[in-house]
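A.B. asks: Provided herewith: query_21.txt, compact mmCIF, C-alpha atoms.
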# COMPACT_ATOMS: atom_id res chain seq x y z
CA MET E 1 0.00 0.00 0.00
CA GLU E 2 1.44 3.37 -0.99
CA GLU E 3 1.62 6.20 1.45
CA ILE E 4 -1.02 8.86 1.02
CA ARG E 5 -0.11 12.38 1.99
CA GLU E 6 -2.69 15.07 2.36
CA GLU E 7 -2.07 18.74 1.73
CA PRO E 8 -4.76 20.58 3.64
CA ALA E 9 -3.67 24.05 2.53
CA GLN E 10 -4.75 23.44 -1.06
CA PRO E 11 -8.04 24.87 -2.35
CA PHE E 12 -9.04 21.33 -3.25
CA ALA E 13 -8.36 18.39 -0.98
CA LEU E 14 -5.33 16.68 -2.47
CA ALA E 15 -3.60 13.42 -1.72
CA ILE E 16 -0.42 12.23 -3.30
CA GLY E 17 0.94 8.72 -3.52
CA THR E 18 4.03 8.00 -5.60
CA SER E 19 2.16 7.04 -8.74
CA ALA E 20 -1.32 8.48 -8.37
CA VAL E 21 -2.81 11.73 -7.28
CA ALA E 22 -6.39 12.71 -6.47
CA LEU E 23 -8.14 16.00 -6.17
CA GLU E 24 -11.72 16.93 -5.50
CA VAL E 25 -13.32 19.52 -7.71
CA ASN E 26 -16.30 21.49 -6.49
CA THR E 27 -19.09 21.44 -9.08
CA SER E 28 -20.44 24.77 -7.84
CA LEU E 29 -17.25 26.29 -9.30
CA TYR E 30 -16.63 24.03 -12.28
CA GLU E 31 -19.36 22.34 -14.32
CA ILE E 32 -19.18 18.60 -14.98
CA GLU E 33 -18.78 19.41 -18.67
CA ALA E 34 -15.66 21.46 -17.93
CA ILE E 35 -14.27 18.71 -15.69
CA PHE E 36 -14.75 16.11 -18.42
CA ARG E 37 -13.13 18.31 -21.05
CA ALA E 38 -10.18 19.14 -18.79
CA ALA E 39 -9.70 15.48 -17.89
CA TYR E 40 -9.85 14.49 -21.55
CA ARG E 41 -6.96 16.86 -22.32
CA PHE E 42 -4.77 14.77 -20.00
CA THR E 43 -5.48 11.34 -21.44
CA ASP E 44 -2.23 11.39 -23.45
CA ARG E 45 -0.18 11.64 -20.24
CA CYS E 46 -2.39 10.08 -17.58
CA TYR E 47 -4.97 7.46 -16.86
CA ILE E 48 -7.90 9.26 -15.29
CA PHE E 49 -10.91 8.19 -13.26
CA LEU E 50 -13.82 10.38 -12.20
CA ALA E 51 -16.20 9.64 -9.34
CA ARG E 52 -18.73 11.41 -7.18
CA PRO E 53 -18.25 10.75 -3.47
CA PRO E 54 -21.70 9.90 -2.03
CA GLU E 55 -20.80 11.70 1.19
CA ALA E 56 -20.19 14.94 -0.77
CA PRO E 57 -22.37 14.98 -3.92
CA LYS E 58 -21.21 18.46 -4.90
CA LEU E 59 -17.66 17.19 -5.39
CA ILE E 60 -16.14 15.26 -8.25
CA SER E 61 -13.14 13.19 -7.35
CA VAL E 62 -10.51 13.17 -10.11
CA THR E 63 -7.78 10.54 -9.81
CA LEU E 64 -4.77 10.84 -12.11
CA MET E 65 -2.21 8.10 -12.69
CA ALA E 66 0.81 9.16 -14.73
CA LYS E 67 1.57 6.88 -17.69
CA GLN E 68 5.29 7.60 -17.39
CA PRO E 69 7.10 8.04 -14.06
CA ILE E 70 6.99 11.68 -13.09
CA ALA E 71 9.14 13.39 -10.46
CA ASP E 72 6.43 15.55 -8.98
CA LEU E 73 2.80 14.68 -9.45
CA ARG E 74 1.81 18.07 -8.09
CA VAL E 75 2.89 19.57 -11.41
CA LEU E 76 0.12 17.56 -13.07
CA VAL E 77 -2.40 18.77 -10.53
CA GLY E 78 -1.39 22.37 -11.14
CA GLU E 79 -1.78 21.93 -14.88
CA LEU E 80 -5.18 20.27 -14.41
CA CYS E 81 -6.32 23.18 -12.22
CA ASN E 82 -5.33 25.63 -14.97
CA GLU E 83 -7.09 23.50 -17.57
CA LEU E 84 -10.25 23.51 -15.44
CA ILE E 85 -10.26 27.31 -15.42
CA ASP E 86 -9.63 27.33 -19.16
CA GLN E 87 -12.49 24.94 -19.93
CA GLN E 88 -14.91 26.64 -17.56
CA THR E 89 -14.13 30.00 -19.20
CA ARG E 90 -14.68 28.48 -22.66
CA LEU E 91 -18.08 27.17 -21.57
CA ALA E 92 -19.06 30.55 -20.14
CA LEU E 93 -17.92 32.33 -23.31
CA ALA E 94 -19.73 29.83 -25.52
CA ARG E 95 -22.91 30.50 -23.60
CA GLU E 96 -22.39 34.25 -23.85
CA VAL E 97 -21.50 34.60 -27.52
CA GLY E 98 -22.87 31.26 -28.78
CA PRO E 99 -26.17 32.64 -30.18
CA LEU E 100 -24.30 35.47 -31.93
CA ARG E 101 -21.79 33.03 -33.42
CA GLU E 102 -24.62 30.80 -34.66
CA LEU E 103 -26.31 33.80 -36.26
CA ILE E 104 -23.09 34.86 -38.03
CA VAL E 105 -22.55 31.32 -39.36
CA ALA E 106 -26.20 31.01 -40.41
CA GLN E 107 -26.04 34.39 -42.17
CA ALA E 108 -22.83 33.40 -43.94
CA PHE E 109 -24.47 30.29 -45.40
CA SER E 110 -27.91 31.72 -46.12
CA GLU E 111 -28.92 33.50 -49.31
CA GLY E 112 -31.23 36.06 -47.79
CA ASN E 113 -30.79 38.45 -44.94
CA LEU E 114 -31.73 36.74 -41.69
CA LEU E 115 -32.02 39.93 -39.67
CA ASP E 116 -34.03 41.90 -42.21
CA ASP E 117 -35.64 39.83 -44.95
CA GLN E 118 -36.84 42.93 -46.85
CA ARG E 119 -33.42 44.50 -47.06
CA ASP E 120 -32.21 42.42 -49.99
CA ASP E 121 -35.60 42.00 -51.69
CA GLY E 122 -36.52 45.64 -52.05
CA ASP E 123 -35.42 48.12 -54.69
CA PHE E 124 -35.32 51.90 -54.82
CA GLU E 125 -38.87 52.06 -56.17
CA SER E 126 -40.52 50.02 -53.45
CA ASP E 127 -38.20 51.69 -50.88
CA PRO E 128 -38.97 49.21 -48.03
CA LEU E 129 -36.89 51.14 -45.49
CA GLY E 130 -38.51 54.44 -46.36
CA ILE E 131 -35.23 56.12 -47.14
CA GLY E 132 -36.74 58.38 -49.82
CA ARG E 133 -39.68 59.47 -47.72
CA THR E 134 -39.74 63.05 -46.55
CA ARG E 135 -39.65 63.51 -42.79
CA MET Z 1 -9.38 27.42 2.84
CA THR Z 2 -8.88 24.03 4.36
CA SER Z 3 -10.72 20.97 3.18
CA GLU Z 4 -10.39 17.29 3.88
CA MET Z 5 -10.49 14.62 1.26
CA THR Z 6 -13.54 12.36 1.35
CA GLU Z 7 -13.28 8.71 2.30
CA THR Z 8 -14.44 7.71 -1.19
CA SER Z 9 -11.64 9.65 -2.88
CA ARG Z 10 -9.09 8.16 -0.50
CA ALA Z 11 -10.38 4.67 -1.20
CA ILE Z 12 -10.27 5.20 -4.98
CA LEU Z 13 -6.76 6.63 -4.75
CA SER Z 14 -5.58 3.64 -2.73
CA GLU Z 15 -7.10 1.25 -5.26
CA LEU Z 16 -5.66 3.02 -8.28
CA ALA Z 17 -2.23 3.62 -6.76
CA ALA Z 18 -1.84 -0.17 -6.91
CA LEU Z 19 -2.61 -0.62 -10.60
CA ASP Z 20 0.42 -2.91 -10.99
CA SER Z 21 -1.22 -5.56 -8.82
CA GLY Z 22 -3.64 -6.30 -11.65
CA GLN Z 23 -6.63 -6.20 -9.37
CA ILE Z 24 -9.08 -3.44 -8.51
CA ASP Z 25 -11.64 -4.48 -5.93
CA ALA Z 26 -14.13 -1.63 -5.98
CA LEU Z 27 -14.49 1.39 -8.23
CA PRO Z 28 -17.74 3.34 -7.92
CA ILE Z 29 -19.40 4.15 -11.25
CA GLU Z 30 -21.90 6.98 -11.24
CA PRO Z 31 -24.36 6.83 -14.15
CA ASP Z 32 -24.33 10.59 -14.70
CA LEU Z 33 -20.55 10.47 -15.17
CA TYR Z 34 -20.15 7.14 -16.97
CA SER Z 35 -23.29 5.90 -18.66
CA GLU Z 36 -24.26 2.23 -18.94
CA GLU Z 37 -23.50 2.47 -22.63
CA SER Z 38 -19.92 3.63 -21.99
CA LEU Z 39 -19.40 0.96 -19.36
CA SER Z 40 -20.70 -1.80 -21.65
CA ALA Z 41 -18.50 -0.60 -24.53
CA ALA Z 42 -15.42 -0.57 -22.30
CA ILE Z 43 -16.13 -4.02 -20.89
CA GLU Z 44 -16.61 -5.43 -24.37
CA ALA Z 45 -13.39 -3.83 -25.63
CA PHE Z 46 -11.29 -5.28 -22.79
CA THR Z 47 -12.89 -8.68 -22.46
CA ASP Z 48 -9.72 -10.39 -23.82
CA TYR Z 49 -7.52 -8.71 -21.23
CA CYS Z 50 -9.42 -8.65 -17.98
CA GLU Z 51 -12.46 -9.85 -16.09
CA ILE Z 52 -14.82 -7.13 -14.97
CA LEU Z 53 -17.52 -7.68 -12.41
CA ILE Z 54 -20.35 -5.19 -11.96
CA CYS Z 55 -22.24 -4.99 -8.69
CA GLN Z 56 -25.31 -2.83 -8.38
CA THR Z 57 -25.27 -0.79 -5.18
CA SER Z 58 -28.23 0.06 -3.03
CA LYS Z 59 -28.12 3.61 -4.39
CA GLU Z 60 -30.31 3.79 -7.45
CA ARG Z 61 -28.55 3.07 -10.77
CA SER Z 62 -25.01 3.47 -9.42
CA ALA Z 63 -22.66 0.52 -9.59
CA VAL Z 64 -19.33 -0.71 -8.34
CA ILE Z 65 -16.95 -2.53 -10.63
CA ALA Z 66 -14.15 -4.93 -9.83
CA ILE Z 67 -11.38 -5.57 -12.36
CA ARG Z 68 -8.96 -8.50 -12.51
CA VAL Z 69 -6.36 -8.67 -15.25
CA LEU Z 70 -6.10 -12.15 -16.80
CA ASP Z 71 -3.03 -14.13 -15.75
CA VAL Z 72 -1.47 -14.11 -19.23
CA HIS Z 73 -1.48 -10.29 -19.23
CA GLN Z 74 -0.34 -9.74 -15.64
CA ARG Z 75 2.89 -8.06 -16.78
CA ASP Z 76 0.89 -5.32 -18.47
CA SER Z 77 -1.61 -4.84 -15.63
CA ARG Z 78 -1.01 -1.14 -15.19
CA LYS Z 79 -1.36 -0.42 -18.88
CA ILE Z 80 -4.48 -2.58 -19.26
CA ILE Z 81 -6.43 -1.19 -16.31
CA GLY Z 82 -5.30 2.33 -17.12
CA SER Z 83 -6.35 1.93 -20.75
CA PHE Z 84 -9.72 0.59 -19.61
CA LEU Z 85 -10.25 3.76 -17.57
CA SER Z 86 -9.12 5.95 -20.47
CA PHE Z 87 -11.47 4.13 -22.83
CA LEU Z 88 -14.32 4.69 -20.39
CA LEU Z 89 -13.55 8.40 -20.12
CA GLU Z 90 -13.11 8.92 -23.84
CA HIS Z 91 -16.36 7.10 -24.60
CA ALA Z 92 -18.21 9.21 -22.03
CA VAL Z 93 -16.76 12.43 -23.50
CA ARG Z 94 -17.71 11.34 -27.04
CA LEU Z 95 -21.27 10.59 -25.92
CA ARG Z 96 -21.55 13.99 -24.28
CA LEU Z 97 -20.21 15.74 -27.37
CA SER Z 98 -22.57 13.87 -29.69
CA ARG Z 99 -25.51 14.74 -27.43
CA GLU Z 100 -24.38 18.37 -27.56
CA SER Z 101 -24.17 18.43 -31.37
CA GLU Z 102 -27.59 16.72 -31.58
CA THR Z 103 -29.02 19.63 -29.63
CA CYS Z 104 -27.36 22.10 -32.04
CA ARG Z 105 -28.88 20.30 -35.04
Rewrite the structure from the file as structure tokens, please.
C.D. replies:
Amino acid sequence: MEEIREEPAQPFALAIGTSAVALEVNTSLYEIEAIFRAAYRFTDRCYIFLARPPEAPKLISVTLMAKQPIADLRVLVGELCNELIDQQTRLALAREVGPLRELIVAQAFSEGNLLDDQRDDGDFESDPLGIGRTR
Amino acid sequence: MTSEMTETSRAILSELAALDSGQIDALPIEPDLYSEESLSAAIEAFTDYCEILICQTSKERSAVIAIRVLDVHQRDSRKIIGSFLSFLLEHAVRLRLSRESETCR
């Protein structure tokens, strides 16, 4: 059995053996989607397992096992923490600008004008925008 | 901020720190993290390398799996169990992404 060391000063509970490391991520800060995406980014270097401790359902336990021996597993944890912030920010941005991005893409591939369907159909005689009207 | 690691996380860490032994006695599988579909796909993919036992827990729909690497592959235990976990994760991520793109369509 490998020795497990706990580092209570960390923002997440963290335990380090010599070949595996675990951290608990609070889902009120990071969505499950962001946790999955961040974990996926590490599959080239680590084997990863996710679980939800029944005694703390708001937490997701992430266990990393390095594929190659690594001098300091805490480096991995630090990188994973940064990746979590990155993925959570991407999700927030996608939510914020997602509809606008979809509209731009839809407009780029559509023949008419999605925002103003009369804009491209009209001519100077019909004057749909009333540009020639006296005020 | 000080926080203590949960018993479950400690237990998982202890299990997975000993991947080389070729035996994992209990890994909790939550259906909202790893779906039944992902678990079945992973078990099918690794059936030539290890035996996997699924036990349903009292908690609804969640399960605990036990993994034992077959004797002929004992030398590669770490790689096999680790790859099983990676397969499970990748399958779960792919399912989530396909569900997401379905919603977009």
A.B. asks: Any chance you could tabulate, as a Markdown table, the residues of chain Z at most 7 Å from range 19-29 of chain E with each one's nearest atom pair and distance in Å to one decimal, using only C-alpha atoms, in chain and rising number order?
C.D. replies:
| residue | atom | partner | partner_atom | distance |
| --- | --- | --- | --- | --- |
| Z:Leu13 | CA | E:Ala22 | CA | 6.3 |
| Z:Leu16 | CA | E:Ala20 | CA | 7.0 |
| Z:Ala17 | CA | E:Ala20 | CA | 5.2 |
A.B. asks: For the residues in the current selection, export C-alpha atoms as a PDB file, keeping the file's coordinate frame.
C.D. replies:
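Final file, result-v4.pdb:
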ATOM      1  CA  LEU Z  13      -6.760   6.630  -4.750  1.00  0.00           C
ATOM      2  CA  LEU Z  16      -5.660   3.020  -8.280  1.00  0.00           C
ATOM      3  CA  ALA Z  17      -2.230   3.620  -6.760  1.00  0.00           C
TER       4      ALA Z  17
END
A.B. asks: Return the neighbours of chain E among the residues of chain Z, cut-off 8 Å, counting only C-alpha atoms, as a list in words.
C.D. replies: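 Output check: Met1, Thr2, Ser3, Glu4, Met5, Thr6, Glu7, Thr8, Ser9, Arg10, Ile12, Leu13, Ser14, Leu16, Ala17, Ala18, Pro28, Ile29, Glu30, Leu33, Lys79, Gly82, Ser83, Leu85, Ser86, Leu89, Glu90 and Val93 of chain Z.
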A.B. asks: Would you mind reading off the distance between CA of Ser35 in chain Z and CA of Leu93 in chain E, one decimal, in Å?
C.D. replies: 27.4 Å
A.B. asks: At a cut-off of 12 Å from (-18.2, -3.2, -14.2) in the coordinates of the file, what residues are picked up using all atoms listed in the file, written as a ChimeraX atom specification?
C.D. replies: /Z:24-31,34-44,46-47,50-57,62-68,84-85,88
A.B. asks: Take CA of Leu80 in chain E and CA of Ala38 in chain E and report the distance between them in Å, one decimal.
C.D. replies: 6.7 Å
A.B. asks: In Å to one decimal, how far is CA of Glu96 in chain E from CA of Glu83 in chain E?
C.D. replies: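 Answer for the CA of Glu83 in chain E to CA of Glu96 in chain E separation: 19.7 Å.
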